[in-house]
Each structure stands twice: as C-alpha cells, then as structure tokens.
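What follows is the content of final-v9.txt, which has compact mmCIF, C-alpha atoms and all ligand atoms:
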```txt
# COMPACT_ATOMS: atom_id res chain seq x y z
CA MET S 1 2.81 -17.31 -5.87
CA ALA S 2 1.71 -15.23 -2.88
CA LEU S 3 -1.64 -13.44 -3.13
CA ASN S 4 -1.18 -9.95 -1.68
CA LEU S 5 -4.59 -8.35 -1.84
CA ILE S 6 -6.21 -5.11 -0.74
CA ILE S 7 -9.99 -4.85 -0.60
CA LEU S 8 -11.03 -1.20 -0.90
CA GLY S 9 -14.49 0.25 -0.48
CA PRO S 10 -16.65 2.42 1.77
CA PRO S 11 -17.95 1.28 5.17
CA GLY S 12 -20.72 -1.26 4.58
CA ALA S 13 -19.49 -2.31 1.12
CA GLY S 14 -19.01 -5.88 2.36
CA LYS S 15 -15.20 -5.81 2.60
CA GLY S 16 -15.10 -7.81 5.83
CA THR S 17 -17.59 -10.44 4.70
CA GLN S 18 -15.86 -10.93 1.36
CA ALA S 19 -12.36 -10.87 2.88
CA ASP S 20 -13.41 -13.57 5.39
CA ARG S 21 -14.67 -15.84 2.62
CA LEU S 22 -11.70 -15.35 0.33
CA ALA S 23 -9.15 -15.70 3.15
CA ALA S 24 -10.72 -19.02 4.17
CA SER S 25 -10.76 -20.35 0.60
CA LYS S 26 -7.18 -19.24 -0.15
CA GLY S 27 -5.75 -20.22 3.26
CA ILE S 28 -4.21 -16.80 3.89
CA PRO S 29 -4.87 -14.37 6.77
CA LYS S 30 -7.43 -11.59 6.62
CA ILE S 31 -5.86 -8.54 8.20
CA SER S 32 -8.55 -6.08 9.32
CA THR S 33 -7.28 -2.94 11.03
CA GLY S 34 -10.79 -2.31 12.41
CA ASP S 35 -10.82 -5.80 14.01
CA MET S 36 -7.31 -5.27 15.40
CA LEU S 37 -8.35 -1.94 16.93
CA ARG S 38 -11.54 -3.44 18.40
CA GLU S 39 -9.43 -6.22 19.96
CA ALA S 40 -7.11 -3.57 21.43
CA VAL S 41 -10.16 -1.73 22.84
CA LYS S 42 -11.45 -4.95 24.41
CA ALA S 43 -8.03 -5.79 25.84
CA GLY S 44 -7.76 -2.27 27.28
CA THR S 45 -4.30 -1.61 25.80
CA GLU S 46 -2.98 1.95 25.50
CA VAL S 47 -3.65 1.99 21.74
CA GLY S 48 -7.14 0.65 22.37
CA LEU S 49 -7.95 3.25 24.99
CA ARG S 50 -6.89 6.06 22.65
CA ALA S 51 -8.59 4.54 19.59
CA LYS S 52 -12.00 3.96 21.20
CA ALA S 53 -13.10 7.63 21.28
CA ILE S 54 -11.81 8.23 17.74
CA MET S 55 -13.67 5.17 16.41
CA ASP S 56 -16.90 6.15 18.19
CA ARG S 57 -16.74 9.55 16.49
CA GLY S 58 -16.21 7.89 13.09
CA GLU S 59 -12.82 9.53 12.60
CA LEU S 60 -9.53 7.91 11.62
CA VAL S 61 -6.84 6.69 14.00
CA SER S 62 -3.49 8.36 13.19
CA ASP S 63 -1.53 7.11 10.18
CA GLU S 64 1.52 6.59 12.39
CA VAL S 65 -0.24 4.20 14.77
CA ILE S 66 -2.04 2.27 12.04
CA ILE S 67 1.02 1.95 9.79
CA GLY S 68 3.02 0.61 12.75
CA ILE S 69 0.35 -2.01 13.51
CA VAL S 70 0.15 -3.16 9.87
CA GLU S 71 3.91 -3.27 9.31
CA GLU S 72 4.29 -5.50 12.34
CA ARG S 73 1.45 -7.75 11.21
CA LEU S 74 2.73 -8.12 7.63
CA ALA S 75 6.16 -9.12 8.92
CA ARG S 76 4.70 -12.23 10.61
CA ALA S 77 5.38 -15.60 9.04
CA ASP S 78 1.75 -16.36 8.15
CA ALA S 79 1.61 -13.34 5.83
CA ARG S 80 4.54 -14.54 3.72
CA ASN S 81 2.28 -16.58 1.43
CA GLY S 82 -0.17 -13.75 1.08
CA PHE S 83 -2.76 -11.70 2.93
CA ILE S 84 -6.01 -9.84 2.47
CA LEU S 85 -6.07 -6.32 3.87
CA ASP S 86 -9.52 -5.10 4.94
CA GLY S 87 -9.84 -1.45 6.03
CA PHE S 88 -6.24 -0.57 5.25
CA PRO S 89 -5.03 1.60 3.59
CA ARG S 90 -7.54 4.39 4.26
CA THR S 91 -5.35 7.40 3.39
CA VAL S 92 -2.80 8.15 0.68
CA ALA S 93 -0.07 8.27 3.35
CA GLN S 94 -1.01 4.72 4.42
CA ALA S 95 -0.96 3.56 0.78
CA GLN S 96 2.50 5.07 0.27
CA ALA S 97 3.79 3.39 3.43
CA LEU S 98 2.36 0.08 2.23
CA ASP S 99 4.10 0.45 -1.14
CA GLY S 100 7.33 0.85 0.82
CA VAL S 101 6.66 -2.35 2.81
CA MET S 102 5.83 -4.21 -0.42
CA ALA S 103 9.16 -3.49 -2.11
CA GLY S 104 10.63 -6.87 -3.06
CA ARG S 105 7.36 -8.73 -2.44
CA VAL S 106 4.77 -9.99 -4.94
CA PRO S 107 2.89 -6.89 -6.25
CA LEU S 108 -0.39 -5.87 -4.66
CA ILE S 109 -3.72 -6.70 -6.23
CA VAL S 110 -6.31 -4.01 -5.45
CA ILE S 111 -10.05 -4.64 -5.68
CA ASP S 112 -12.52 -1.84 -5.07
CA ILE S 113 -16.04 -2.84 -4.00
CA ALA S 114 -18.42 -0.11 -5.20
CA VAL S 115 -21.82 0.41 -3.50
CA PRO S 116 -24.16 3.47 -3.64
CA GLU S 117 -24.41 5.54 -0.44
CA ALA S 118 -28.11 4.94 0.27
CA GLU S 119 -27.48 1.19 0.29
CA LEU S 120 -24.48 1.61 2.62
CA VAL S 121 -26.57 3.51 5.18
CA ARG S 122 -29.30 0.88 5.00
CA ARG S 123 -26.81 -1.94 5.56
CA LEU S 124 -24.86 -0.27 8.36
CA THR S 125 -27.91 0.80 10.40
CA SER S 126 -29.17 -2.81 10.39
CA ARG S 127 -25.79 -4.58 10.69
CA LEU S 128 -25.28 -7.13 13.48
CA VAL S 129 -21.88 -8.50 14.46
CA CYS S 130 -20.73 -11.11 16.94
CA GLY S 131 -19.53 -9.46 20.15
CA THR S 132 -17.08 -12.34 20.69
CA CYS S 133 -15.58 -13.46 17.34
CA GLY S 134 -16.37 -10.23 15.45
CA GLN S 135 -17.90 -11.95 12.42
CA ASN S 136 -20.71 -10.07 10.66
CA ALA S 137 -24.07 -11.84 10.90
CA ASP S 138 -25.44 -12.98 7.55
CA PRO S 139 -28.69 -10.97 7.18
CA SER S 140 -30.25 -13.94 5.36
CA ASP S 141 -29.47 -16.32 8.26
CA ALA S 142 -32.96 -16.19 9.82
CA GLN S 143 -31.97 -18.34 12.80
CA ALA S 144 -29.01 -16.15 13.77
CA VAL S 145 -31.06 -12.97 13.39
CA THR S 146 -34.06 -14.34 15.36
CA THR S 147 -32.01 -15.82 18.19
CA MET S 148 -29.41 -12.98 18.07
CA ARG S 149 -26.69 -15.66 18.26
CA CYS S 150 -23.62 -15.83 16.00
CA GLY S 151 -23.92 -18.51 13.28
CA LYS S 152 -20.18 -19.25 13.65
CA CYS S 153 -19.48 -19.34 17.41
CA GLY S 154 -22.96 -19.13 19.00
CA ASN S 155 -22.23 -16.06 21.12
CA ALA S 156 -24.44 -12.97 21.27
CA LEU S 157 -24.86 -10.68 18.25
CA ILE S 158 -24.59 -6.95 18.94
CA GLN S 159 -24.70 -3.67 17.05
CA ARG S 160 -21.25 -2.06 16.70
CA SER S 161 -21.01 1.13 18.76
CA ASP S 162 -20.05 3.07 15.60
CA ASP S 163 -23.02 1.71 13.59
CA ASN S 164 -25.40 4.50 14.68
CA GLU S 165 -26.75 7.02 12.19
CA ALA S 166 -24.62 10.02 13.30
CA THR S 167 -21.35 8.07 13.30
CA ILE S 168 -22.23 6.35 10.02
CA ARG S 169 -22.71 9.77 8.33
CA GLU S 170 -19.33 10.89 9.67
CA ARG S 171 -17.60 7.67 8.52
CA LEU S 172 -19.02 8.12 5.02
CA LYS S 173 -17.80 11.75 4.96
CA VAL S 174 -14.35 10.65 6.14
CA TYR S 175 -14.37 7.96 3.45
CA GLU S 176 -15.15 10.49 0.69
CA LYS S 177 -12.44 12.87 1.86
CA ASN S 178 -9.60 10.52 2.83
CA THR S 179 -10.18 7.11 1.31
CA ARG S 180 -11.93 7.55 -2.03
CA PRO S 181 -8.77 9.25 -3.42
CA LEU S 182 -7.14 5.82 -3.12
CA VAL S 183 -9.23 4.64 -6.06
CA ASP S 184 -7.33 7.18 -8.21
CA TYR S 185 -4.08 6.28 -6.46
CA TYR S 186 -4.40 2.65 -7.59
CA ALA S 187 -6.63 2.84 -10.70
CA GLY S 188 -3.74 3.16 -13.14
CA ARG S 189 -2.16 -0.11 -12.02
CA PRO S 190 -2.70 -3.19 -14.18
CA THR S 191 -3.63 -5.12 -11.01
CA PHE S 192 -6.53 -2.80 -10.08
CA ARG S 193 -10.11 -4.06 -10.50
CA SER S 194 -13.54 -2.77 -9.46
CA VAL S 195 -16.54 -4.97 -8.65
CA ASP S 196 -20.21 -4.04 -8.19
CA GLY S 197 -20.92 -4.60 -4.49
CA ALA S 198 -24.66 -3.77 -4.64
CA GLN S 199 -25.52 -7.42 -5.34
CA ALA S 200 -26.13 -10.53 -3.23
CA PRO S 201 -23.01 -11.64 -1.28
CA ASP S 202 -22.62 -14.85 -3.35
CA ILE S 203 -22.64 -12.89 -6.60
CA VAL S 204 -20.14 -10.35 -5.26
CA ALA S 205 -17.94 -13.25 -4.05
CA ALA S 206 -17.92 -14.79 -7.54
CA ALA S 207 -17.12 -11.43 -9.17
CA LEU S 208 -14.32 -10.92 -6.64
CA VAL S 209 -12.76 -14.31 -7.43
CA ASP S 210 -12.87 -13.51 -11.18
CA ALA S 211 -11.29 -10.09 -10.57
CA VAL S 212 -8.55 -11.59 -8.39
CA GLU S 213 -7.77 -14.30 -10.95
CA SER S 214 -7.55 -11.84 -13.84
CA ALA S 215 -5.25 -9.56 -11.83
CA ARG S 216 -3.13 -12.54 -10.76
CA ALA S 217 -2.63 -13.45 -14.40
CA VAL S 218 -1.14 -9.98 -14.89
CA VAL S 219 1.15 -10.47 -11.86
CA ALA S 220 2.24 -13.89 -13.13
CA GLY S 221 2.94 -12.44 -16.57
CA GLY S 222 4.93 -9.64 -14.96
CA SER S 223 3.64 -7.17 -17.56
CA ALA S 224 3.83 -3.43 -16.88
CA LEU S 225 4.46 -3.85 -13.15
P1 LIG X 301 -13.73 -0.73 10.22
O1 LIG X 301 -13.99 -1.92 11.07
O2 LIG X 301 -12.77 -1.00 9.09
O3 LIG X 301 -15.00 -0.06 9.75
O4 LIG X 301 -12.97 0.35 11.15
C1 LIG X 301 -13.61 0.89 12.30
C2 LIG X 301 -12.89 2.15 12.72
O5 LIG X 301 -11.52 1.85 13.07
C3 LIG X 301 -12.78 3.24 11.67
O6 LIG X 301 -13.95 4.04 11.59
C4 LIG X 301 -11.56 4.03 12.18
O7 LIG X 301 -11.89 4.84 13.29
C5 LIG X 301 -10.66 2.90 12.68
N1 LIG X 301 -9.75 2.40 11.60
C6 LIG X 301 -9.78 1.16 11.04
N2 LIG X 301 -8.85 1.05 10.08
C7 LIG X 301 -8.21 2.26 10.02
C8 LIG X 301 -7.17 2.78 9.21
N3 LIG X 301 -6.57 2.05 8.24
N4 LIG X 301 -6.78 4.08 9.43
C9 LIG X 301 -7.35 4.82 10.40
N5 LIG X 301 -8.34 4.39 11.19
C10 LIG X 301 -8.79 3.13 11.02
```
Would it be possible to restate this file's structure as structure tokens?
Amino acid sequence: MALNLIILGPPGAGKGTQADRLAASKGIPKISTGDMLREAVKAGTEVGLRAKAIMDRGELVSDEVIIGIVEERLARADARNGFILDGFPRTVAQAQALDGVMAGRVPLIVIDIAVPEAELVRRLTSRLVCGTCGQNADPSDAQAVTTMRCGKCGNALIQRSDDNEATIRERLKVYEKNTRPLVDYYAGRPTFRSVDGAQAPDIVAAALVDAVESARAVVAGGSAL
C-alpha cells in the first residue's frame, strides 16, 4: 500500500532531515517545495527569478504557482507508490488543493513535528546546508562542520540566504499566521499524529516511524476515512 505522507511543522523543526531519512528507508521520493524552488532559483528559470526575492523576505510564493508545481510532481510515476511532502502544504488553500489531487488515492497520513520557538531560532541561525546537493549538515558531524564540507557529497557547506535573523523572524510569523492553522485542518483525521521534535534526531526519527505505522494501520483498516 502506498505511503502518502505530509510532514508538517515550523521552519527548523527538522522536516527536511526526517523526510530525507524516511524517504530513503521507504524507497519513496521526498518532495520538498523549498528544494524545488531553490533549484529553480539556481537554474534561473522564470519561476525561480520571481521566487528568489519572496524567499529572501521570508514570505510565501503564491498558492497558484506552488500548487501547479506540486500537482505536476505528484503525477510523476515515482510518486505512485507514495511520497513524503516537506514544506507543502503551507496554507489552507494548498491543503484543499491537495485533498482534490488525492481523491481516489491512498489517504494522506499527516505528521506534525512540534518544536518550541526559541529552539527553532537557535537551530536556524546555526544551520548549514550543502550548496550543491541541498542536504542539511548534521550538527553532530564534527568533521563536516570543521571542514565545512558536505558529509554526503563533499561539496561546500553554506548558510541559506533566508537563514538570517530578520528573515527567520518573518518566516516564523508567516508560519503562525498561514501554516499553523493546518494543524486544526488535519487534527480531526484518524491519520493525524503529532511528534515531539525538540529531541535528538534519532529519537525523533523513531517516534516518526511509530507514528507513521500507527496511522498506516488506520489506513489499512479503512476505519473512519
Ligand atoms: P523551506 O525550504 O521549506 O523552508 O522553504 C523556503 C521558502 O520557499 C519559504 O520560506 C517560502 O518562501 C518558499 N516556499 C516553500 N514551500 C512553499 C509553499 N508550500 N508555499 C509557499 N511558499 C513556499
């Protein structure tokens, strides 16, 4: 049975890190709208050129553009057996559009990663990512952090241009206003789970696997869906 999963949570909650791990272990694609936009910026496409300024201000790219990108991506063959969405949906309009796309497919499992704001700011201001493959550096990987080289591909680690204090504050504000309401949007579903993200990545990963498995049992049972 396909695993169609959304990972919700504020910026810095660890969505990308956890989605990478789970996608690798389940053999399904991680679909990160932030990564797709950063690739478009790098490639200099029209969408990328327009998105760059919005991203650097910490605001959201329009629902219309993002929904179009995700619909196209979910229609690809490799998403038929499942996917992990990271950074989408971020607004109620995006969630409603996704529900439309999911009609006739295996129901969504939604996991919210909860982390207090002070911890998010601490993580984001010190976050390093690979400028080439986009993977977040593991803060406990002393060699990567000392050499400033990616532990996965060996290329240079950088700070994301939107990981500065002013933009981080704006992104957290935008999250509270536009994205946190999604917790209420999904919380009544039997396939919604919340995990405590203020723990070590391995512990969060284990909690995430447990949450996914318990929600999958509900999907398999077909109860109240
Ligand atoms: P992320 O890598 O998920 O933190 O996303 C980086 C930036 O890309 C966000 O601050 C937004 O400007 C933009 N972005 C990513 N995903 C979305 C989305 N679903 N809706 C609107 N904007 C998005």
Residue neighbourhood segment 124-134 of chain S, 7 Å, only C-alpha atoms, exclusion window fewer than 3 positions, as a count of residues only: 14
Taking only C-alpha atoms and all ligand atoms and a cut-off of 8 Å, can you tell me which residues surround ligand LIG 301 (chain X), written as JSON, numbers by chain? {"S": [11, 12, 16, 32, 33, 34, 35, 37, 38, 51, 52, 54, 55, 56, 57, 58, 59, 60, 61, 62, 63, 66, 67, 86, 87, 88, 89, 90, 91, 94, 162, 171]}
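Within the 9 Å cut-off around segment 103-109 of chain S, using all atoms listed in the file and omitting residues fewer than 5 positions from it on the same chain, the listed residues are S:Met1, S:Ala2, S:Leu3, S:Asn4, S:Leu5, S:Ile6, S:Ile7, S:Arg80, S:Gly82, S:Leu98, S:Arg189, S:Pro190, S:Thr191, S:Phe192, S:Arg193, S:Val212, S:Ala215, S:Arg216, S:Val219, S:Leu225.
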Since we have the selection now, will you write its residues out, keeping C-alpha atoms, as a PDB file, in the coordinates of the input?
```
ATOM      1  CA  MET S   1       2.810 -17.310  -5.870  1.00  0.00           C
ATOM      2  CA  ALA S   2       1.710 -15.230  -2.880  1.00  0.00           C
ATOM      3  CA  LEU S   3      -1.640 -13.440  -3.130  1.00  0.00           C
ATOM      4  CA  ASN S   4      -1.180  -9.950  -1.680  1.00  0.00           C
ATOM      5  CA  LEU S   5      -4.590  -8.350  -1.840  1.00  0.00           C
ATOM      6  CA  ILE S   6      -6.210  -5.110  -0.740  1.00  0.00           C
ATOM      7  CA  ILE S   7      -9.990  -4.850  -0.600  1.00  0.00           C
ATOM      8  CA  ARG S  80       4.540 -14.540   3.720  1.00  0.00           C
ATOM      9  CA  GLY S  82      -0.170 -13.750   1.080  1.00  0.00           C
ATOM     10  CA  LEU S  98       2.360   0.080   2.230  1.00  0.00           C
ATOM     11  CA  ARG S 189      -2.160  -0.110 -12.020  1.00  0.00           C
ATOM     12  CA  PRO S 190      -2.700  -3.190 -14.180  1.00  0.00           C
ATOM     13  CA  THR S 191      -3.630  -5.120 -11.010  1.00  0.00           C
ATOM     14  CA  PHE S 192      -6.530  -2.800 -10.080  1.00  0.00           C
ATOM     15  CA  ARG S 193     -10.110  -4.060 -10.500  1.00  0.00           C
ATOM     16  CA  VAL S 212      -8.550 -11.590  -8.390  1.00  0.00           C
ATOM     17  CA  ALA S 215      -5.250  -9.560 -11.830  1.00  0.00           C
ATOM     18  CA  ARG S 216      -3.130 -12.540 -10.760  1.00  0.00           C
ATOM     19  CA  VAL S 219       1.150 -10.470 -11.860  1.00  0.00           C
ATOM     20  CA  LEU S 225       4.460  -3.850 -13.150  1.00  0.00           C
TER      21      LEU S 225
END
```
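Straight-line separation from atom CA of Gly151 of chain S to atom CA of Asn136 of chain S: 9.4 Å.
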By how many Å are atom CA of Phe83 of chain S and atom CA of Lys152 of chain S apart? 21.8 Å
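Among the candidate residues S:Arg123, S:Arg169, S:Arg76, S:Arg50, the one lying nearest to Gly14 of chain S is S:Arg123, with distances computed using only C-alpha atoms.
Distances from S:Ile84, S:Met148, S:Val209, S:Val218 to Asp20 of chain S were compared using all atoms listed in the file, and the smallest one belongs to S:Ile84.
As for atom CA of Gly154 of chain S and atom CA of Asp141 of chain S, they are spaced 12.9 Å apart.
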Could you give me, as an NGL selection string, the residues that sit within 10 Å of (-23.7, -11.6, -1.3) in the file's coordinates, counting only C-alpha atoms? :S and (14 or 17-18 or 138-140 or 197-206)
Scan for residues within 10 Å of the point (3.8, -1.0, 4.1) in the coordinates of the file, using only C-alpha atoms, and reply as a list in words. Ile67, Gly68, Val70, Glu71, Glu72, Leu74, Ala75, Pro89, Gln94, Ala95, Gln96, Ala97, Leu98, Asp99, Gly100, Val101, Met102 and Ala103 of chain S
Using all atoms listed in the file, which of S:Val65, S:Val145, S:Cys153, S:Ile113 sits nearest Leu8 of chain S? S:Ile113
